[in-house]
>>> print(open('coords32.pdb').read())   # PDB, C-alpha atoms
ATOM      1  CA  MET X   1     -15.036 -31.093  21.036
ATOM      2  CA  ILE X   2     -15.908 -34.066  23.211
ATOM      3  CA  SER X   3     -14.630 -37.538  22.457
ATOM      4  CA  ILE X   4     -17.798 -39.502  23.238
ATOM      5  CA  LYS X   5     -17.286 -43.174  24.022
ATOM      6  CA  LYS X   6     -19.180 -46.096  25.471
ATOM      7  CA  GLY X   7     -19.558 -45.560  29.211
ATOM      8  CA  ASP X   8     -19.801 -41.753  29.054
ATOM      9  CA  GLN X   9     -22.568 -40.308  31.193
ATOM     10  CA  PHE X  10     -24.656 -37.215  30.531
ATOM     11  CA  LYS X  11     -27.184 -35.413  32.715
ATOM     12  CA  ALA X  12     -30.168 -33.719  31.064
ATOM     13  CA  ALA X  13     -30.779 -30.221  32.451
ATOM     14  CA  TYR X  14     -34.498 -30.322  31.615
ATOM     15  CA  SER X  15     -35.225 -33.508  33.590
ATOM     16  CA  ASN X  16     -32.197 -33.951  35.861
ATOM     17  CA  LYS X  17     -31.965 -37.560  34.575
ATOM     18  CA  THR X  18     -28.661 -39.270  33.836
ATOM     19  CA  TYR X  19     -28.004 -41.362  30.722
ATOM     20  CA  LYS X  20     -25.084 -43.608  29.818
ATOM     21  CA  VAL X  21     -23.769 -44.306  26.309
ATOM     22  CA  VAL X  22     -24.252 -48.057  25.864
ATOM     23  CA  GLY X  23     -23.554 -48.544  22.161
ATOM     24  CA  LYS X  24     -24.395 -47.508  18.618
ATOM     25  CA  TRP X  25     -27.366 -47.930  16.310
ATOM     26  CA  GLY X  26     -26.890 -47.130  12.633
ATOM     27  CA  GLY X  27     -24.019 -44.745  13.317
ATOM     28  CA  ASN X  28     -25.828 -42.928  16.142
ATOM     29  CA  LEU X  29     -25.188 -43.290  19.864
ATOM     30  CA  VAL X  30     -27.649 -45.112  22.129
ATOM     31  CA  LEU X  31     -28.038 -43.720  25.632
ATOM     32  CA  ALA X  32     -29.710 -45.775  28.354
ATOM     33  CA  PRO X  33     -31.065 -44.284  31.561
ATOM     34  CA  VAL X  34     -29.065 -44.889  34.724
ATOM     35  CA  ASP X  35     -32.212 -44.649  36.884
ATOM     36  CA  LYS X  36     -33.882 -48.053  37.186
ATOM     37  CA  ASP X  37     -37.348 -46.442  37.138
ATOM     38  CA  ASN X  38     -36.777 -45.082  33.627
ATOM     39  CA  ASP X  39     -36.737 -47.462  30.667
ATOM     40  CA  GLU X  40     -36.693 -44.928  27.811
ATOM     41  CA  CYS X  41     -33.486 -45.037  25.753
ATOM     42  CA  LEU X  42     -32.354 -42.116  23.616
ATOM     43  CA  ILE X  43     -30.636 -42.112  20.219
ATOM     44  CA  TYR X  44     -28.582 -39.107  19.079
ATOM     45  CA  SER X  45     -25.679 -38.429  16.770
ATOM     46  CA  ALA X  46     -22.384 -37.444  18.402
ATOM     47  CA  GLU X  47     -22.817 -33.973  16.880
ATOM     48  CA  GLU X  48     -26.248 -33.565  18.492
ATOM     49  CA  ILE X  49     -24.886 -34.550  21.893
ATOM     50  CA  GLU X  50     -21.967 -32.133  21.555
ATOM     51  CA  GLU X  51     -24.368 -29.330  20.612
ATOM     52  CA  MET X  52     -26.579 -30.029  23.645
ATOM     53  CA  VAL X  53     -23.512 -29.973  25.918
ATOM     54  CA  ASP X  54     -22.353 -26.697  24.328
ATOM     55  CA  ARG X  55     -25.803 -25.175  24.886
ATOM     56  CA  ARG X  56     -25.835 -26.497  28.463
ATOM     57  CA  LYS X  57     -28.923 -28.601  27.854
ATOM     58  CA  TRP X  58     -26.844 -31.607  28.893
ATOM     59  CA  ALA X  59     -23.787 -31.944  31.108
ATOM     60  CA  HIS X  60     -21.017 -34.466  30.429
ATOM     61  CA  ILE X  61     -20.512 -35.915  33.895
ATOM     62  CA  GLY X  62     -17.788 -38.418  33.133
ATOM     63  CA  ARG X  63     -17.042 -41.945  32.059
ATOM     64  CA  CYS X  64     -17.607 -45.167  33.912
ATOM     65  CA  GLY X  65     -16.994 -48.788  33.054
ATOM     66  CA  ALA X  66     -19.010 -49.822  30.004
TER      67      ALA X  66
END
>>> encode(input="coords32.pdb", output="structure tokens")
Amino acid sequence: MISIKKGDQFKAAYSNKTYKVVGKWGGNLVLAPVDKDNDECLIYSAEEIEEMVDRRKWAHIGRCGA
């Protein structure tokens, strides 16, 4: 089980894009793209993110300053 916090970064296997957890919206986590050319944010529950990491659809690549 991953302890997901603000500042955590994840890389999507399907697109090779990196997203950073920037906050919460209604109990779900908001992930913003790290790439400046991408402006599409994602919203997932912590459970959904953990499942995608377990299935290797996403990789948890670490935590940086929030």
>>> resolve_selection(input="coords32.pdb", expression="the PyMOL selection byres ((chain X and resi 14-27) around 9)", output="list in words")
Ile4, Lys5, Lys6, Gly7, Asp8, Gln9, Phe10, Lys11, Ala12, Ala13, Asn28, Leu29, Val30, Leu31, Ala32, Pro33, Val34, Asp35, Asn38, Cys41, Leu42, Ile43, Ser45, Lys57, Trp58, Ile61, Arg63, Cys64 and Ala66 of chain X
>>> axis_aligned_box(input="coords32.pdb", around="stretch 51-54 of chain X", padding_each_side="8 Å", output="AutoDock Vina command-line options")
--center_x -24.5 --center_y -28.4 --center_z 23.3 --size_x 20.2 --size_y 19.3 --size_z 21.3
>>> atom_distance(input="coords32.pdb", atom1="atom CA of X:Arg55", atom2="atom CA of X:Glu40")
22.7 Å
